[in-house]
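A.B. asks: This is my_file_32.csv (CSV, C-alpha atoms).
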chain,number,residue,atom,x,y,z
A,787,MET,CA,10.0,-32.1,-8.6
A,788,LYS,CA,11.9,-33.2,-5.5
A,789,PHE,CA,15.3,-32.7,-7.3
A,790,GLU,CA,14.3,-29.1,-8.3
A,791,HIS,CA,13.3,-28.3,-4.7
A,792,THR,CA,16.6,-29.8,-3.6
A,793,LYS,CA,18.6,-27.5,-5.9
A,794,LEU,CA,16.6,-24.5,-4.6
A,795,THR,CA,17.3,-25.6,-1.0
A,796,LEU,CA,21.0,-25.9,-1.7
A,797,LEU,CA,21.0,-22.5,-3.3
A,798,PHE,CA,19.5,-21.0,-0.1
A,799,LEU,CA,21.9,-22.9,2.1
A,800,PHE,CA,24.8,-21.5,0.1
A,801,ILE,CA,23.5,-18.0,0.4
A,802,ALA,CA,23.0,-18.5,4.2
A,803,ALA,CA,26.5,-19.9,4.6
A,804,PHE,CA,28.0,-16.9,2.7
A,805,ALA,CA,26.0,-14.5,4.9
A,806,ILE,CA,27.0,-16.3,8.1
A,807,TRP,CA,30.7,-16.2,7.0
A,808,GLN,CA,30.3,-12.5,6.3
A,809,THR,CA,28.8,-12.1,9.8
A,810,VAL,CA,31.3,-14.0,11.9
A,811,ASN,CA,34.3,-12.7,9.9
A,812,ASP,CA,36.3,-10.2,11.8
A,813,SER,CA,36.7,-8.0,8.8
A,814,GLU,CA,35.3,-4.5,8.4
A,815,LYS,CA,32.2,-5.7,6.5
A,816,LEU,CA,30.1,-6.5,9.6
A,817,ALA,CA,27.4,-8.2,7.5
A,818,GLY,CA,24.1,-9.3,9.1
A,819,ARG,CA,24.4,-7.0,12.1
A,820,GLU,CA,22.2,-4.1,13.2
A,821,TYR,CA,23.8,-1.5,15.5
A,822,VAL,CA,22.0,0.9,17.8
A,823,LYS,CA,23.0,3.7,20.1
A,824,GLN,CA,21.2,5.3,23.1
A,825,VAL,CA,19.8,8.8,22.7
A,826,GLU,CA,17.9,10.4,25.5
A,827,GLY,CA,17.2,7.0,27.1
A,828,GLN,CA,16.0,5.4,23.8
A,829,TRP,CA,17.8,3.0,21.4
A,830,VAL,CA,17.9,4.3,17.9
A,831,PRO,CA,19.7,3.0,14.8
A,832,ALA,CA,23.4,3.8,14.6
A,833,ASP,CA,25.5,4.6,11.5
A,834,GLU,CA,29.1,3.9,10.5
A,835,ILE,CA,30.4,7.0,12.3
A,836,ASP,CA,28.8,5.9,15.6
A,837,ARG,CA,30.4,2.4,15.2
A,838,GLN,CA,33.8,3.9,14.6
A,839,ALA,CA,33.4,6.2,17.6
A,840,GLY,CA,32.6,3.2,19.8
A,841,ILE,CA,29.2,4.4,21.0
A,842,ALA,CA,27.2,1.8,19.2
A,843,GLN,CA,26.5,-1.8,20.0
A,844,VAL,CA,25.0,-4.8,18.2
A,845,SER,CA,21.2,-5.2,18.7
A,846,THR,CA,20.3,-8.9,18.8
A,847,SER,CA,16.6,-8.4,18.2
A,848,ARG,CA,17.2,-6.0,15.2
A,849,SER,CA,19.8,-8.4,13.8
A,850,ILE,CA,17.4,-11.3,13.9
A,851,GLY,CA,14.8,-9.1,12.2
A,852,LEU,CA,17.3,-8.3,9.5
A,853,TRP,CA,18.0,-11.9,8.8
A,854,VAL,CA,14.3,-12.8,8.8
A,855,GLY,CA,13.6,-10.0,6.4
A,856,ALA,CA,16.4,-11.0,4.1
A,857,PHE,CA,15.4,-14.7,3.9
A,858,PHE,CA,11.7,-13.8,3.4
A,859,THR,CA,12.8,-11.6,0.5
A,860,LEU,CA,14.7,-14.4,-1.0
A,861,PHE,CA,11.8,-16.8,-0.5
A,862,ILE,CA,9.5,-14.4,-2.4
A,863,PHE,CA,12.1,-14.0,-5.2
A,864,SER,CA,12.2,-17.8,-5.5
A,865,PHE,CA,8.9,-17.7,-7.2
A,866,LEU,CA,10.7,-16.3,-10.3
A,867,TYR,CA,12.2,-19.8,-10.6
A,868,LYS,CA,8.9,-21.6,-10.0
A,869,ASP,CA,6.3,-22.2,-7.3
A,870,ASN,CA,7.9,-23.9,-4.3
A,871,PRO,CA,7.4,-24.5,-0.6
A,872,PHE,CA,9.6,-21.6,0.4
A,873,TYR,CA,7.5,-19.1,-1.5
A,874,LYS,CA,4.3,-20.6,-0.1
A,875,MET,CA,5.6,-20.3,3.4
A,876,ALA,CA,6.6,-16.7,3.0
A,877,GLU,CA,3.3,-15.8,1.3
A,878,SER,CA,1.2,-17.4,3.9
A,879,THR,CA,3.2,-15.8,6.7
A,880,VAL,CA,3.0,-12.3,5.1
A,881,VAL,CA,-0.8,-12.7,4.6
A,882,GLY,CA,-1.4,-14.0,8.1
A,883,VAL,CA,0.7,-11.4,9.8
A,884,SER,CA,-0.9,-8.6,7.8
A,885,ALA,CA,-4.4,-9.8,8.6
A,886,GLY,CA,-3.5,-10.1,12.3
A,887,TYR,CA,-1.9,-6.6,12.3
A,888,VAL,CA,-5.0,-5.0,10.6
A,889,MET,CA,-7.3,-6.7,13.0
A,890,VAL,CA,-5.4,-5.5,16.1
A,891,VAL,CA,-5.1,-2.0,14.8
A,892,GLY,CA,-8.8,-1.9,13.9
A,893,PHE,CA,-9.7,-3.2,17.4
A,894,TRP,CA,-7.6,-0.6,19.2
A,895,THR,CA,-8.3,2.4,16.9
A,896,THR,CA,-12.0,1.7,16.0
A,897,ILE,CA,-13.8,-0.7,18.3
A,898,ILE,CA,-12.3,0.5,21.6
A,899,PRO,CA,-12.5,4.3,21.2
A,900,ASN,CA,-15.4,4.7,18.7
A,901,LEU,CA,-17.7,1.9,20.0
A,902,LEU,CA,-17.0,0.7,23.5
A,903,GLY,CA,-15.6,4.0,24.5
A,904,LYS,CA,-18.9,5.6,23.6
A,905,LEU,CA,-21.2,3.0,25.3
A,906,THR,CA,-19.1,2.3,28.4
A,907,PRO,CA,-16.6,5.2,28.8
A,908,GLY,CA,-16.0,4.6,32.5
A,909,LEU,CA,-15.0,0.9,31.9
A,910,ILE,CA,-12.8,1.8,29.0
A,911,GLN,CA,-11.1,4.5,30.9
A,912,GLN,CA,-10.1,2.2,33.7
A,913,TRP,CA,-9.1,-0.6,31.3
A,914,ALA,CA,-7.6,0.8,28.2
A,915,MET,CA,-7.8,4.6,27.8
A,916,PRO,CA,-6.9,6.6,31.0
A,917,GLY,CA,-7.3,9.9,29.2
A,918,LEU,CA,-11.0,9.2,28.2
A,919,SER,CA,-13.7,11.0,30.0
A,920,PRO,CA,-15.8,8.6,32.2
A,921,GLU,CA,-19.0,10.6,31.4
A,922,GLN,CA,-21.2,9.2,28.7
A,923,ALA,CA,-22.0,11.7,26.0
A,924,PRO,CA,-25.6,12.6,25.2
A,925,GLY,CA,-27.1,10.4,22.6
A,926,ALA,CA,-24.4,7.7,22.9
A,927,TRP,CA,-27.1,5.0,23.0
A,928,VAL,CA,-27.2,5.2,19.2
A,929,TYR,CA,-23.9,3.3,19.1
A,930,ILE,CA,-25.9,0.2,20.1
A,931,PHE,CA,-27.0,-0.1,16.4
A,932,PRO,CA,-23.4,-0.6,15.0
A,933,LEU,CA,-22.8,-3.0,17.9
A,934,ILE,CA,-25.8,-5.0,16.9
A,935,LEU,CA,-24.8,-4.9,13.2
A,936,GLY,CA,-21.3,-6.1,14.1
A,937,ILE,CA,-22.7,-9.0,16.1
A,938,MET,CA,-25.0,-9.9,13.2
A,939,LEU,CA,-22.0,-9.8,10.9
A,940,ILE,CA,-20.1,-12.3,13.1
A,941,MET,CA,-23.0,-14.7,12.6
A,942,ARG,CA,-21.3,-15.5,9.3
A,943,LEU,CA,-19.2,-18.0,11.2
A,944,VAL,CA,-22.3,-19.9,12.3
A,945,PRO,CA,-23.4,-22.1,9.3
A,946,LYS,CA,-27.1,-22.3,10.4
A,947,ALA,CA,-27.3,-18.6,11.1
A,948,SER,CA,-25.1,-17.3,8.3
A,949,TRP,CA,-28.1,-15.7,6.6
A,950,ILE,CA,-28.2,-13.1,9.4
A,951,SER,CA,-24.9,-11.6,8.3
A,952,VAL,CA,-26.5,-10.7,4.9
A,953,TRP,CA,-28.4,-7.8,6.3
A,954,PRO,CA,-25.5,-5.9,7.9
A,955,LEU,CA,-23.4,-6.7,4.9
A,956,ALA,CA,-26.0,-5.2,2.6
A,957,PHE,CA,-26.2,-2.1,4.8
A,958,ILE,CA,-22.4,-1.7,4.7
A,959,ILE,CA,-22.1,-2.1,1.0
A,960,GLY,CA,-25.0,0.2,0.3
A,961,THR,CA,-23.8,2.9,2.6
A,962,THR,CA,-20.2,2.7,1.4
A,963,ALA,CA,-21.3,2.8,-2.3
A,964,GLY,CA,-23.5,5.8,-1.6
A,965,LEU,CA,-20.8,7.7,0.2
A,966,ARG,CA,-18.1,6.8,-2.3
A,967,MET,CA,-20.4,7.8,-5.2
A,968,VAL,CA,-20.9,11.3,-3.8
A,969,ALA,CA,-17.2,11.6,-3.0
A,970,PHE,CA,-16.3,10.4,-6.5
A,971,LEU,CA,-18.7,12.9,-8.2
A,972,GLU,CA,-17.2,15.8,-6.2
A,973,ALA,CA,-13.5,14.8,-6.3
A,974,ASP,CA,-13.2,13.2,-9.7
A,975,PHE,CA,-16.1,13.7,-12.1
A,976,LEU,CA,-17.0,17.3,-11.5
A,977,SER,CA,-13.4,18.4,-11.0
A,978,GLN,CA,-12.4,16.8,-14.3
A,979,ILE,CA,-15.1,18.7,-16.0
A,980,GLU,CA,-14.1,21.9,-14.3
A,981,ASN,CA,-10.4,21.4,-15.3
A,982,SER,CA,-11.3,20.7,-18.9
A,983,ILE,CA,-13.1,24.1,-19.3
A,984,VAL,CA,-10.1,26.2,-20.2
A,985,PRO,CA,-9.7,29.2,-22.6
A,986,PHE,CA,-8.3,28.5,-26.0
A,987,VAL,CA,-6.3,31.7,-25.9
A,988,GLU,CA,-4.2,32.1,-22.7
A,989,ILE,CA,-3.1,35.6,-21.7
A,990,ASP,CA,-0.1,35.9,-19.4
A,991,GLU,CA,0.8,38.6,-16.9
A,992,THR,CA,2.2,40.9,-19.5
A,993,ASN,CA,-1.1,40.9,-21.5
A,994,SER,CA,0.6,38.8,-24.2
A,995,VAL,CA,-0.6,35.6,-25.7
A,996,ASP,CA,1.0,32.5,-24.2
A,997,TYR,CA,1.1,30.4,-27.3
A,998,TRP,CA,2.5,27.3,-25.6
A,999,GLN,CA,-0.2,27.3,-22.9
A,1000,SER,CA,-2.9,28.0,-25.5
A,1001,PHE,CA,-1.7,25.1,-27.6
A,1002,GLN,CA,-1.9,22.8,-24.5
A,1003,ASN,CA,-5.4,24.0,-23.7
A,1004,ILE,CA,-6.6,23.4,-27.3
A,1005,PHE,CA,-4.9,20.0,-27.5
A,1006,SER,CA,-6.4,19.0,-24.1
A,1007,VAL,CA,-10.0,19.9,-25.1
A,1008,VAL,CA,-9.6,18.3,-28.6
A,1009,SER,CA,-8.2,15.1,-27.0
A,1010,ILE,CA,-11.1,14.9,-24.5
A,1011,LEU,CA,-13.7,15.4,-27.2
A,1012,ALA,CA,-12.0,12.8,-29.5
A,1013,CYS,CA,-12.0,10.2,-26.7
A,1014,LEU,CA,-15.7,10.9,-26.1
A,1015,VAL,CA,-16.4,10.5,-29.8
A,1016,TYR,CA,-14.7,7.0,-29.7
A,1017,PHE,CA,-17.2,5.9,-27.0
A,1018,PHE,CA,-20.2,7.3,-28.9
A,1019,PHE,CA,-21.5,4.2,-30.6
A,1020,SER,CA,-24.9,5.5,-31.9
A,1021,ILE,CA,-23.2,6.8,-35.0
A,1022,GLU,CA,-21.1,4.5,-37.3
A,1023,HIS,CA,-17.4,5.5,-37.1
A,1024,LYS,CA,-16.9,6.5,-40.7
A,1025,GLY,CA,-15.7,9.6,-42.4
A,1026,ALA,CA,-15.0,12.5,-40.1
A,1027,VAL,CA,-16.4,10.7,-37.1
A,1028,GLY,CA,-14.1,7.7,-37.8
A,1029,LYS,CA,-11.0,9.9,-38.1
A,1030,VAL,CA,-11.8,11.7,-34.8
A,1031,SER,CA,-12.5,8.4,-33.1
A,1032,ARG,CA,-9.2,7.0,-34.4
A,1033,PHE,CA,-7.4,10.1,-32.9
A,1034,GLY,CA,-9.2,9.3,-29.7
A,1035,ILE,CA,-7.8,5.8,-29.8
A,1036,TRP,CA,-4.3,7.1,-30.1
A,1037,ILE,CA,-4.9,9.4,-27.1
A,1038,LEU,CA,-6.2,6.5,-25.1
A,1039,MET,CA,-3.3,4.2,-26.0
A,1040,ILE,CA,-0.8,6.9,-25.2
A,1041,THR,CA,-2.5,7.4,-21.8
A,1042,PHE,CA,-2.7,3.7,-21.0
A,1043,GLY,CA,1.0,3.3,-22.0
A,1044,ALA,CA,2.1,6.1,-19.8
A,1045,MET,CA,0.1,4.7,-16.9
A,1046,PHE,CA,1.5,1.2,-17.4
A,1047,GLY,CA,5.0,2.7,-17.7
A,1048,MET,CA,4.5,4.5,-14.4
A,1049,THR,CA,3.4,1.2,-12.8
A,1050,VAL,CA,6.4,-0.7,-14.1
A,1051,MET,CA,8.7,2.1,-12.9
A,1052,GLY,CA,7.2,1.9,-9.4
A,1053,ARG,CA,7.7,-1.9,-9.3
A,1054,ILE,CA,11.3,-1.6,-10.5
A,1055,ALA,CA,11.9,0.9,-7.8
A,1056,LEU,CA,10.5,-1.5,-5.2
A,1057,LEU,CA,12.8,-4.2,-6.7
A,1058,ALA,CA,15.8,-1.9,-6.4
A,1059,ILE,CA,15.0,-1.2,-2.8
A,1060,ARG,CA,14.8,-4.9,-1.9
A,1061,LEU,CA,18.1,-5.6,-3.7
A,1062,GLU,CA,19.7,-2.7,-1.9
A,1063,PHE,CA,18.4,-4.1,1.3
A,1064,LEU,CA,20.0,-7.5,0.6
A,1065,PHE,CA,23.4,-6.3,-0.7
A,1066,ARG,CA,23.9,-3.3,1.5
A,1067,GLU,CA,22.0,-3.8,4.8
A,1068,TRP,CA,22.2,-7.5,5.0
A,1069,LEU,CA,25.5,-8.6,3.3
A,1070,ASN,CA,27.1,-5.1,3.6
A,1071,LEU,CA,28.4,-5.4,0.0
A,1072,HIS,CA,29.0,-1.9,-1.4
A,1073,LEU,CA,29.4,-2.7,-5.1
Would you kindly transcribe this structure into structure tokens?
C.D. replies:
Amino acid sequence: MKFEHTKLTLLFLFIAAFAIWQTVNDSEKLAGREYVKQVEGQWVPADEIDRQAGIAQVSTSRSIGLWVGAFFTLFIFSFLYKDNPFYKMAESTVVGVSAGYVMVVGFWTTIIPNLLGKLTPGLIQQWAMPGLSPEQAPGAWVYIFPLILGIMLIMRLVPKASWISVWPLAFIIGTTAGLRMVAFLEADFLSQIENSIVPFVEIDETNSVDYWQSFQNIFSVVSILACLVYFFFSIEHKGAVGKVSRFGIWILMITFGAMFGMTVMGRIALLAIRLEFLFREWLNLHL
């Protein structure tokens, strides 16, 4: 195990040495460097034309971020070899940073304006939001209830009082489930039923039969009914019912295959983006 980790470490050191050589080399590759230019008093990323014109300069902070992003990408890729300390470090860092970022954003975009800004607008105006009106809106006292529920939810951290957090958690889950259920019925269930009610014979603008669109409508309705027959288990799937349900299986498998293919294509696109980042932005290798 230690020998395998040593090999992986040597591989990363070799990649780092190659990147450093590319960076300090006086050639035109200029790897591992991020250039910026000043536009209207602000620093923005610069391109090759700006560098050749001499109006760009190296940004130390952006260059450090480029190196950190490159090494963390390699650490994540190292899991393809096997589980190792580099991958665990990168994974823990990404999860921790993401959790901290979400917490900070939630604090400043939800708790401050939507809770404390309603209960104590004058204090929040002086401290965090100068543009906020210091006058308390009528009926703002109702925001005391989400404050109480939030405090009850934090009691989860106290072992002896953790049972208190069950009540706000149940309220949150129940409310969210109800709202999502209504939204799902309106946006997905009912809209799918509405879109499946189509004419078998489609007439175009010239009052002629659009045979291709008519075929699509008929095939769509037949496919939907065949899939529904497959999930109808009150009747044994034999004879005509069995043939229709088998056609429904084919439609389902084609659909699942297309969805899986779309997912794989999306992941391959993400992989291509990371490889392009490593070779072009970090090492500046235009292959």
A.B. asks: Residues within 12 Å of region 922-927 of chain A, please, as a ChimeraX atom specification. Count all atoms listed in the file; anything in the same chain fewer than 6 positions from it doesn't count.
C.D. replies: /A:900-911,933-934
A.B. asks: For the residues in that selection, give me C-alpha atoms as a PDB file, keeping the file's coordinate frame.
C.D. replies:
ATOM      1  CA  ASN A 900     -15.400   4.700  18.700  1.00  0.00           C
ATOM      2  CA  LEU A 901     -17.700   1.900  20.000  1.00  0.00           C
ATOM      3  CA  LEU A 902     -17.000   0.700  23.500  1.00  0.00           C
ATOM      4  CA  GLY A 903     -15.600   4.000  24.500  1.00  0.00           C
ATOM      5  CA  LYS A 904     -18.900   5.600  23.600  1.00  0.00           C
ATOM      6  CA  LEU A 905     -21.200   3.000  25.300  1.00  0.00           C
ATOM      7  CA  THR A 906     -19.100   2.300  28.400  1.00  0.00           C
ATOM      8  CA  PRO A 907     -16.600   5.200  28.800  1.00  0.00           C
ATOM      9  CA  GLY A 908     -16.000   4.600  32.500  1.00  0.00           C
ATOM     10  CA  LEU A 909     -15.000   0.900  31.900  1.00  0.00           C
ATOM     11  CA  ILE A 910     -12.800   1.800  29.000  1.00  0.00           C
ATOM     12  CA  GLN A 911     -11.100   4.500  30.900  1.00  0.00           C
ATOM     13  CA  LEU A 933     -22.800  -3.000  17.900  1.00  0.00           C
ATOM     14  CA  ILE A 934     -25.800  -5.000  16.900  1.00  0.00           C
TER      15      ILE A 934
END
A.B. asks: Please provide as a list in words all residues within 6 Å of region 816-831 of chain A, with the sequence filter that same-chain residues fewer than 4 positions apart are discarded (counting all atoms listed in the file).
C.D. replies: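 Everything that qualifies: Gln808, Thr809, Ala842, Gln843, Val844, Ser845, Arg848, Ser849, Trp1068, Leu1069 and Asn1070 of chain A.
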A.B. asks: Looking at A:Gly892, A:Val984, A:Leu799, A:Ile862, which one is nearest to Ser878 (chain A), with distances taken over all atoms listed in the file?
C.D. replies: A:Ile862
A.B. asks: Write a file for region 903-986 of chain A, containing C-alpha atoms (output as a PDB file, in the first residue's frame).
C.D. replies:
ATOM      1  CA  GLY A 903     -34.356  42.452   8.472  1.00  0.00           C
ATOM      2  CA  LYS A 904     -38.085  41.994   9.164  1.00  0.00           C
ATOM      3  CA  LEU A 905     -37.817  41.823  12.968  1.00  0.00           C
ATOM      4  CA  THR A 906     -35.158  44.493  13.560  1.00  0.00           C
ATOM      5  CA  PRO A 907     -34.919  46.582  10.363  1.00  0.00           C
ATOM      6  CA  GLY A 908     -33.254  49.549  12.067  1.00  0.00           C
ATOM      7  CA  LEU A 909     -30.407  47.455  13.475  1.00  0.00           C
ATOM      8  CA  ILE A 910     -29.870  45.592  10.197  1.00  0.00           C
ATOM      9  CA  GLN A 911     -29.844  48.878   8.275  1.00  0.00           C
ATOM     10  CA  GLN A 912     -27.047  50.256  10.441  1.00  0.00           C
ATOM     11  CA  TRP A 913     -25.069  47.022  10.407  1.00  0.00           C
ATOM     12  CA  ALA A 914     -25.468  45.180   7.121  1.00  0.00           C
ATOM     13  CA  MET A 915     -28.035  46.688   4.700  1.00  0.00           C
ATOM     14  CA  PRO A 916     -27.843  50.510   4.373  1.00  0.00           C
ATOM     15  CA  GLY A 917     -30.577  50.547   1.756  1.00  0.00           C
ATOM     16  CA  LEU A 918     -33.108  48.836   4.041  1.00  0.00           C
ATOM     17  CA  SER A 919     -35.977  50.883   5.436  1.00  0.00           C
ATOM     18  CA  PRO A 920     -35.655  51.272   9.236  1.00  0.00           C
ATOM     19  CA  GLU A 921     -39.438  51.161   9.666  1.00  0.00           C
ATOM     20  CA  GLN A 922     -40.868  47.806  10.675  1.00  0.00           C
ATOM     21  CA  ALA A 923     -43.558  46.541   8.311  1.00  0.00           C
ATOM     22  CA  PRO A 924     -47.047  45.845   9.700  1.00  0.00           C
ATOM     23  CA  GLY A 925     -47.434  42.265  10.871  1.00  0.00           C
ATOM     24  CA  ALA A 926     -43.682  41.657  10.962  1.00  0.00           C
ATOM     25  CA  TRP A 927     -44.073  40.033  14.385  1.00  0.00           C
ATOM     26  CA  VAL A 928     -45.119  36.785  12.641  1.00  0.00           C
ATOM     27  CA  TYR A 929     -41.444  36.244  11.726  1.00  0.00           C
ATOM     28  CA  ILE A 930     -40.889  35.345  15.367  1.00  0.00           C
ATOM     29  CA  PHE A 931     -42.266  31.877  14.581  1.00  0.00           C
ATOM     30  CA  PRO A 932     -39.584  30.955  11.998  1.00  0.00           C
ATOM     31  CA  LEU A 933     -37.002  32.322  14.441  1.00  0.00           C
ATOM     32  CA  ILE A 934     -38.333  30.018  17.159  1.00  0.00           C
ATOM     33  CA  LEU A 935     -38.416  27.065  14.768  1.00  0.00           C
ATOM     34  CA  GLY A 936     -34.832  27.799  13.734  1.00  0.00           C
ATOM     35  CA  ILE A 937     -33.661  27.865  17.347  1.00  0.00           C
ATOM     36  CA  MET A 938     -35.509  24.613  18.000  1.00  0.00           C
ATOM     37  CA  LEU A 939     -33.795  23.068  14.978  1.00  0.00           C
ATOM     38  CA  ILE A 940     -30.369  24.046  16.337  1.00  0.00           C
ATOM     39  CA  MET A 941     -31.166  22.074  19.515  1.00  0.00           C
ATOM     40  CA  ARG A 942     -30.191  19.035  17.438  1.00  0.00           C
ATOM     41  CA  LEU A 943     -26.631  19.824  18.513  1.00  0.00           C
ATOM     42  CA  VAL A 944     -27.554  19.348  22.188  1.00  0.00           C
ATOM     43  CA  PRO A 945     -27.785  15.576  22.904  1.00  0.00           C
ATOM     44  CA  LYS A 946     -30.201  15.834  25.827  1.00  0.00           C
ATOM     45  CA  ALA A 947     -32.489  18.259  23.997  1.00  0.00           C
ATOM     46  CA  SER A 948     -32.203  16.819  20.496  1.00  0.00           C
ATOM     47  CA  TRP A 949     -35.848  15.680  20.614  1.00  0.00           C
ATOM     48  CA  ILE A 950     -36.901  19.344  20.327  1.00  0.00           C
ATOM     49  CA  SER A 951     -35.511  19.523  16.794  1.00  0.00           C
ATOM     50  CA  VAL A 952     -37.953  16.823  15.647  1.00  0.00           C
ATOM     51  CA  TRP A 953     -40.902  19.230  15.684  1.00  0.00           C
ATOM     52  CA  PRO A 954     -39.489  21.923  13.360  1.00  0.00           C
ATOM     53  CA  LEU A 955     -38.019  19.192  11.165  1.00  0.00           C
ATOM     54  CA  ALA A 956     -41.434  17.569  10.802  1.00  0.00           C
ATOM     55  CA  PHE A 957     -42.959  20.974  10.017  1.00  0.00           C
ATOM     56  CA  ILE A 958     -40.320  21.658   7.333  1.00  0.00           C
ATOM     57  CA  ILE A 959     -40.687  18.227   5.720  1.00  0.00           C
ATOM     58  CA  GLY A 960     -44.488  18.342   5.760  1.00  0.00           C
ATOM     59  CA  THR A 961     -44.681  21.877   4.364  1.00  0.00           C
ATOM     60  CA  THR A 962     -42.085  21.199   1.680  1.00  0.00           C
ATOM     61  CA  ALA A 963     -43.777  17.948   0.657  1.00  0.00           C
ATOM     62  CA  GLY A 964     -47.144  19.666   0.354  1.00  0.00           C
ATOM     63  CA  LEU A 965     -45.820  22.587  -1.689  1.00  0.00           C
ATOM     64  CA  ARG A 966     -43.757  20.326  -3.941  1.00  0.00           C
ATOM     65  CA  MET A 967     -46.727  17.998  -4.423  1.00  0.00           C
ATOM     66  CA  VAL A 968     -48.934  20.827  -5.670  1.00  0.00           C
ATOM     67  CA  ALA A 969     -46.139  22.159  -7.889  1.00  0.00           C
ATOM     68  CA  PHE A 970     -45.502  18.666  -9.268  1.00  0.00           C
ATOM     69  CA  LEU A 971     -49.170  18.127 -10.087  1.00  0.00           C
ATOM     70  CA  GLU A 972     -49.390  21.427 -11.924  1.00  0.00           C
ATOM     71  CA  ALA A 973     -46.016  21.410 -13.692  1.00  0.00           C
ATOM     72  CA  ASP A 974     -45.488  17.723 -14.446  1.00  0.00           C
ATOM     73  CA  PHE A 975     -48.507  15.480 -14.001  1.00  0.00           C
ATOM     74  CA  LEU A 976     -51.258  17.670 -15.441  1.00  0.00           C
ATOM     75  CA  SER A 977     -49.015  19.138 -18.136  1.00  0.00           C
ATOM     76  CA  GLN A 978     -48.022  15.653 -19.301  1.00  0.00           C
ATOM     77  CA  ILE A 979     -51.680  14.647 -19.538  1.00  0.00           C
ATOM     78  CA  GLU A 980     -52.455  17.837 -21.438  1.00  0.00           C
ATOM     79  CA  ASN A 981     -49.587  17.318 -23.887  1.00  0.00           C
ATOM     80  CA  SER A 982     -50.647  13.722 -24.535  1.00  0.00           C
ATOM     81  CA  ILE A 983     -54.116  14.777 -25.689  1.00  0.00           C
ATOM     82  CA  VAL A 984     -53.320  15.405 -29.352  1.00  0.00           C
ATOM     83  CA  PRO A 985     -55.305  14.884 -32.570  1.00  0.00           C
ATOM     84  CA  PHE A 986     -54.587  11.767 -34.586  1.00  0.00           C
TER      85      PHE A 986
END
